[in-house]
Amino acid sequence: MLGARADMSMRNWGKLAQWTVFGTLGCVTICISINYVMFRSDPAVILSKALISSTLLPIMLAGSLFFFLSLKLRELAIANHRLAYLAATDSLTGCLNRRAFTKSVENCLNFHSVTHNPIGALLVIDADHFKAINDRFGHHRGDEALTLLAKAITGSLRKNDELGRLGGEEFAVFLQHANMAEASLVAERIRKAVNDIDFKVNGEQYKLSVSIGGAACAHSATFANLFRLADEQLYIAKNGGRNRIEMICNSSQAALTAASASLH
């Protein structure tokens, strides 16, 4: 992470230097060209002085001006980047917030619906008995548990998977190009990682667990449809005893809906 930031900083300073150097050279070239046209018929001593002044003045004035403007533009770009990051990120856990996560998944679903590539799976993850943590130990301990949950989930994901906090103690993960079996493996990895969290209150170990509902996407779907299916599976997992996983594929759901419709 630090290496990437240092590399980005070097690139930014490099761009600033480029703007300063090439902007100044551009001004020098224009000034020399204008002075040469204006004084070329004058004596050589006047022409040489005109060319010297048209070289030195832009370097002194335009160089500092371009550097100042480039520096301000760099600061503005950094500020805009930070604002965009804050607008898309949950401040407590560092995950994408609900709006940013939803938009990211929708973009991915729309892209794959056009290219007809394998789409992926959505997992909805909810902490079990989380209200009891807040009630017994206070909200500051609840926040600590949430950050530990987010860290455990992140450590269980693959490289290009997206994690978002939907609100409260509910998280969601989008697994690109994952089929039903692959999504189930990731979900089980998350469940076990949460069970292994070292969460202690006043020196006493408190066991954390999550229930996970998942919907694999075998054909085109909207985020709302995929989330509804995953949320239904989460409800089944909660009612089935918690600390468990329930999965479905949207092609299976489509078959069930068609069968139900034919019966009526």
# chains A, B, ... in the order shown; residues from 1 in each chain; ligands from 1

call {"tool": "residues_around", "arguments": {"residues": "A:Ala237", "least_positions_apart": "2", "cutoff": "10 Å", "atoms": "only C-alpha atoms", "output": "MDAnalysis selection string"}}
result
chainID A and resid 210:213 231:235 239:247

call {"tool": "write_last_selection", "arguments": {"atoms": "N, CA, C and O atoms", "output": "mmCIF file, in the first residue's frame"}}
result
data_model
loop_
_atom_site.group_PDB
_atom_site.id
_atom_site.type_symbol
_atom_site.label_atom_id
_atom_site.label_comp_id
_atom_site.auth_asym_id
_atom_site.auth_seq_id
_atom_site.Cartn_x
_atom_site.Cartn_y
_atom_site.Cartn_z
ATOM 1 N N VAL A 210 -21.870 -15.368 11.714
ATOM 2 C CA VAL A 210 -22.709 -14.713 10.707
ATOM 3 C C VAL A 210 -23.576 -15.750 10.012
ATOM 4 O O VAL A 210 -23.222 -16.935 9.921
ATOM 5 N N SER A 211 -24.712 -15.289 9.527
ATOM 6 C CA SER A 211 -25.543 -16.088 8.638
ATOM 7 C C SER A 211 -25.398 -15.498 7.242
ATOM 8 O O SER A 211 -25.326 -14.280 7.081
ATOM 9 N N ILE A 212 -25.345 -16.362 6.241
ATOM 10 C CA ILE A 212 -25.080 -15.907 4.877
ATOM 11 C C ILE A 212 -26.124 -16.455 3.921
ATOM 12 O O ILE A 212 -26.403 -17.664 3.898
ATOM 13 N N GLY A 213 -26.703 -15.564 3.143
ATOM 14 C CA GLY A 213 -27.596 -15.963 2.067
ATOM 15 C C GLY A 213 -26.973 -15.579 0.749
ATOM 16 O O GLY A 213 -26.447 -14.471 0.601
ATOM 17 N N ASP A 231 -31.357 -12.300 -0.076
ATOM 18 C CA ASP A 231 -31.970 -11.935 1.198
ATOM 19 C C ASP A 231 -32.961 -13.009 1.656
ATOM 20 O O ASP A 231 -33.081 -13.273 2.857
ATOM 21 N N GLU A 232 -33.657 -13.613 0.720
ATOM 22 C CA GLU A 232 -34.558 -14.716 1.069
ATOM 23 C C GLU A 232 -33.780 -15.897 1.634
ATOM 24 O O GLU A 232 -34.217 -16.553 2.599
ATOM 25 N N GLN A 233 -32.611 -16.167 1.048
ATOM 26 C CA GLN A 233 -31.771 -17.259 1.557
ATOM 27 C C GLN A 233 -31.195 -16.913 2.928
ATOM 28 O O GLN A 233 -31.051 -17.797 3.787
ATOM 29 N N LEU A 234 -30.888 -15.645 3.149
ATOM 30 C CA LEU A 234 -30.422 -15.213 4.465
ATOM 31 C C LEU A 234 -31.498 -15.455 5.517
ATOM 32 O O LEU A 234 -31.202 -15.909 6.631
ATOM 33 N N TYR A 235 -32.726 -15.160 5.160
ATOM 34 C CA TYR A 235 -33.859 -15.382 6.080
ATOM 35 C C TYR A 235 -33.972 -16.866 6.435
ATOM 36 O O TYR A 235 -34.202 -17.228 7.599
ATOM 37 N N ASN A 239 -33.496 -18.544 10.183
ATOM 38 C CA ASN A 239 -34.519 -19.414 10.777
ATOM 39 C C ASN A 239 -34.022 -20.839 10.976
ATOM 40 O O ASN A 239 -34.577 -21.592 11.790
ATOM 41 N N GLY A 240 -32.958 -21.198 10.236
ATOM 42 C CA GLY A 240 -32.428 -22.560 10.351
ATOM 43 C C GLY A 240 -31.444 -22.736 11.490
ATOM 44 O O GLY A 240 -30.875 -23.821 11.645
ATOM 45 N N GLY A 241 -31.202 -21.696 12.271
ATOM 46 C CA GLY A 241 -30.334 -21.829 13.430
ATOM 47 C C GLY A 241 -29.147 -20.885 13.455
ATOM 48 O O GLY A 241 -28.350 -20.930 14.385
ATOM 49 N N ARG A 242 -28.995 -20.057 12.413
ATOM 50 C CA ARG A 242 -27.891 -19.097 12.327
ATOM 51 C C ARG A 242 -26.528 -19.783 12.175
ATOM 52 O O ARG A 242 -26.442 -20.997 12.231
ATOM 53 N N ASN A 243 -25.501 -18.972 11.948
ATOM 54 C CA ASN A 243 -24.143 -19.464 11.722
ATOM 55 C C ASN A 243 -24.131 -20.530 10.625
ATOM 56 O O ASN A 243 -23.498 -21.576 10.744
ATOM 57 N N ARG A 244 -24.850 -20.223 9.525
ATOM 58 C CA ARG A 244 -24.955 -21.183 8.432
ATOM 59 C C ARG A 244 -25.119 -20.451 7.110
ATOM 60 O O ARG A 244 -25.299 -19.237 7.076
ATOM 61 N N ILE A 245 -25.091 -21.213 6.023
ATOM 62 C CA ILE A 245 -25.142 -20.657 4.669
ATOM 63 C C ILE A 245 -26.297 -21.290 3.905
ATOM 64 O O ILE A 245 -26.518 -22.509 3.993
ATOM 65 N N GLU A 246 -27.011 -20.479 3.155
ATOM 66 C CA GLU A 246 -28.037 -20.967 2.239
ATOM 67 C C GLU A 246 -27.808 -20.299 0.887
ATOM 68 O O GLU A 246 -27.610 -19.089 0.815
ATOM 69 N N MET A 247 -27.821 -21.108 -0.175
ATOM 70 C CA MET A 247 -27.534 -20.591 -1.511
ATOM 71 C C MET A 247 -28.635 -20.985 -2.487
ATOM 72 O O MET A 247 -29.313 -22.001 -2.312
#

call {"tool": "residues_around", "arguments": {"residues": "stretch 27-43 of chain A", "least_positions_apart": "5", "cutoff": "8 Å", "atoms": "only C-alpha atoms", "output": "list in words"}}
result
Ala50, Leu51, Ser54, Thr55, Pro58, Ile59 and Ala62 of chain A

call {"tool": "write_last_selection", "arguments": {"atoms": "N, CA and C atoms", "output": "CSV table (one decimal), in the first residue's frame"}}
result
chain,number,residue,atom,x,y,z
A,50,ALA,N,16.3,41.3,-28.5
A,50,ALA,CA,14.9,40.9,-28.5
A,50,ALA,C,14.7,39.4,-28.2
A,51,LEU,N,15.6,38.7,-28.9
A,51,LEU,CA,15.5,37.2,-28.7
A,51,LEU,C,15.9,36.8,-27.3
A,54,SER,N,13.1,37.6,-25.0
A,54,SER,CA,11.9,36.8,-25.3
A,54,SER,C,12.2,35.3,-24.7
A,55,THR,N,13.4,35.1,-24.4
A,55,THR,CA,13.8,33.8,-23.8
A,55,THR,C,13.8,33.8,-22.3
A,58,PRO,N,10.0,34.8,-20.4
A,58,PRO,CA,9.0,33.7,-20.2
A,58,PRO,C,9.5,32.6,-19.2
A,59,ILE,N,10.9,32.4,-19.2
A,59,ILE,CA,11.4,31.4,-18.2
A,59,ILE,C,11.1,31.9,-16.8
A,62,ALA,N,6.7,32.7,-16.8
A,62,ALA,CA,5.8,31.6,-17.1
A,62,ALA,C,6.2,30.4,-16.3

call {"tool": "atom_distance", "arguments": {"atom1": "atom CA of A:Val194", "atom2": "atom CA of A:Ile125"}}
result
10.9 Å

call {"tool": "residues_around", "arguments": {"residues": "A:Thr89", "least_positions_apart": "3", "cutoff": "10 Å", "atoms": "only C-alpha atoms", "output": "tab-separated table (two decimals) with N, CA, C and O atoms, in the first residue's frame"}}
result
chain	number	residue	atom	x	y	z
A	83	LEU	N	-12.43	13.20	-1.67
A	83	LEU	CA	-13.87	13.38	-1.53
A	83	LEU	C	-14.63	12.20	-2.16
A	83	LEU	O	-15.62	11.72	-1.59
A	84	ALA	N	-14.16	11.77	-3.33
A	84	ALA	CA	-14.81	10.63	-3.98
A	84	ALA	C	-14.67	9.37	-3.14
A	84	ALA	O	-15.61	8.57	-3.01
A	85	TYR	N	-13.49	9.20	-2.52
A	85	TYR	CA	-13.26	8.04	-1.65
A	85	TYR	C	-14.18	8.08	-0.44
A	85	TYR	O	-14.82	7.08	-0.08
A	86	LEU	N	-14.28	9.25	0.19
A	86	LEU	CA	-15.14	9.40	1.37
A	86	LEU	C	-16.61	9.20	1.02
A	86	LEU	O	-17.37	8.62	1.79
A	92	LEU	N	-16.63	3.61	9.11
A	92	LEU	CA	-16.23	2.74	10.22
A	92	LEU	C	-15.38	1.56	9.74
A	92	LEU	O	-14.33	1.27	10.32
A	93	THR	N	-15.83	0.89	8.69
A	93	THR	CA	-15.18	-0.36	8.28
A	93	THR	C	-14.25	-0.22	7.09
A	93	THR	O	-13.45	-1.11	6.82
A	94	GLY	N	-14.36	0.89	6.35
A	94	GLY	CA	-13.55	1.05	5.15
A	94	GLY	C	-14.09	0.32	3.94
A	94	GLY	O	-13.48	0.35	2.86
A	95	CYS	N	-15.25	-0.35	4.08
A	95	CYS	CA	-15.88	-1.02	2.94
A	95	CYS	C	-16.61	0.02	2.08
A	95	CYS	O	-16.80	1.17	2.48
A	96	LEU	N	-17.03	-0.40	0.89
A	96	LEU	CA	-17.91	0.44	0.11
A	96	LEU	C	-19.21	0.64	0.88
A	96	LEU	O	-19.68	-0.27	1.58
A	97	ASN	N	-19.80	1.83	0.78
A	97	ASN	CA	-21.11	2.01	1.39
A	97	ASN	C	-22.19	1.43	0.49
A	97	ASN	O	-21.90	0.97	-0.62
A	98	ARG	N	-23.43	1.45	0.94
A	98	ARG	CA	-24.50	0.78	0.20
A	98	ARG	C	-24.66	1.34	-1.21
A	98	ARG	O	-24.79	0.58	-2.18
A	99	ARG	N	-24.64	2.67	-1.33
A	99	ARG	CA	-24.85	3.29	-2.63
A	99	ARG	C	-23.73	2.92	-3.61
A	99	ARG	O	-23.99	2.52	-4.75
A	100	ALA	N	-22.49	3.03	-3.14
A	100	ALA	CA	-21.35	2.73	-4.01
A	100	ALA	C	-21.30	1.24	-4.37
A	100	ALA	O	-20.99	0.88	-5.51
A	101	PHE	N	-21.61	0.37	-3.41
A	101	PHE	CA	-21.60	-1.07	-3.67
A	101	PHE	C	-22.67	-1.43	-4.69
A	101	PHE	O	-22.42	-2.18	-5.64
A	164	GLY	N	-19.19	-4.62	0.50
A	164	GLY	CA	-19.88	-3.40	0.90
A	164	GLY	C	-20.61	-3.60	2.21
A	164	GLY	O	-20.98	-4.72	2.57
A	165	ARG	N	-20.79	-2.52	2.93
A	165	ARG	CA	-21.60	-2.55	4.15
A	165	ARG	C	-22.95	-1.95	3.80
A	165	ARG	O	-23.05	-0.77	3.44

call {"tool": "residues_around", "arguments": {"residues": "A:Ala221", "least_positions_apart": "4", "cutoff": "7 Å", "atoms": "only C-alpha atoms", "output": "list in words"}}
result
Leu109, Asn225 and Leu226 of chain A

call {"tool": "select_by_dssp", "arguments": {"residues": "stretch 201-238 of chain A", "states": "strand (DSSP E or B)", "output": "PyMOL selection string"}}
result
chain A and resi 201+204-205+210-217

call {"tool": "closest_residue", "arguments": {"among": "A:Val186, A:Leu208, A:Leu163, A:Ala127", "to": "A:Ser104", "atoms": "only C-alpha atoms"}}
result
A:Leu163

call {"tool": "select_by_dssp", "arguments": {"residues": "stretch 151-261 of chain A", "states": "helix (DSSP H, G or I)", "output": "ChimeraX atom specification"}}
result
/A:151-155,180-195,223-239,250-261

call {"tool": "residues_around", "arguments": {"residues": "stretch 130-141 of chain A", "least_positions_apart": "2", "cutoff": "12 Å", "atoms": "only C-alpha atoms", "output": "ChimeraX atom specification"}}
result
/A:92,126-128,143-149,168-170,199-202,204,206-211,242
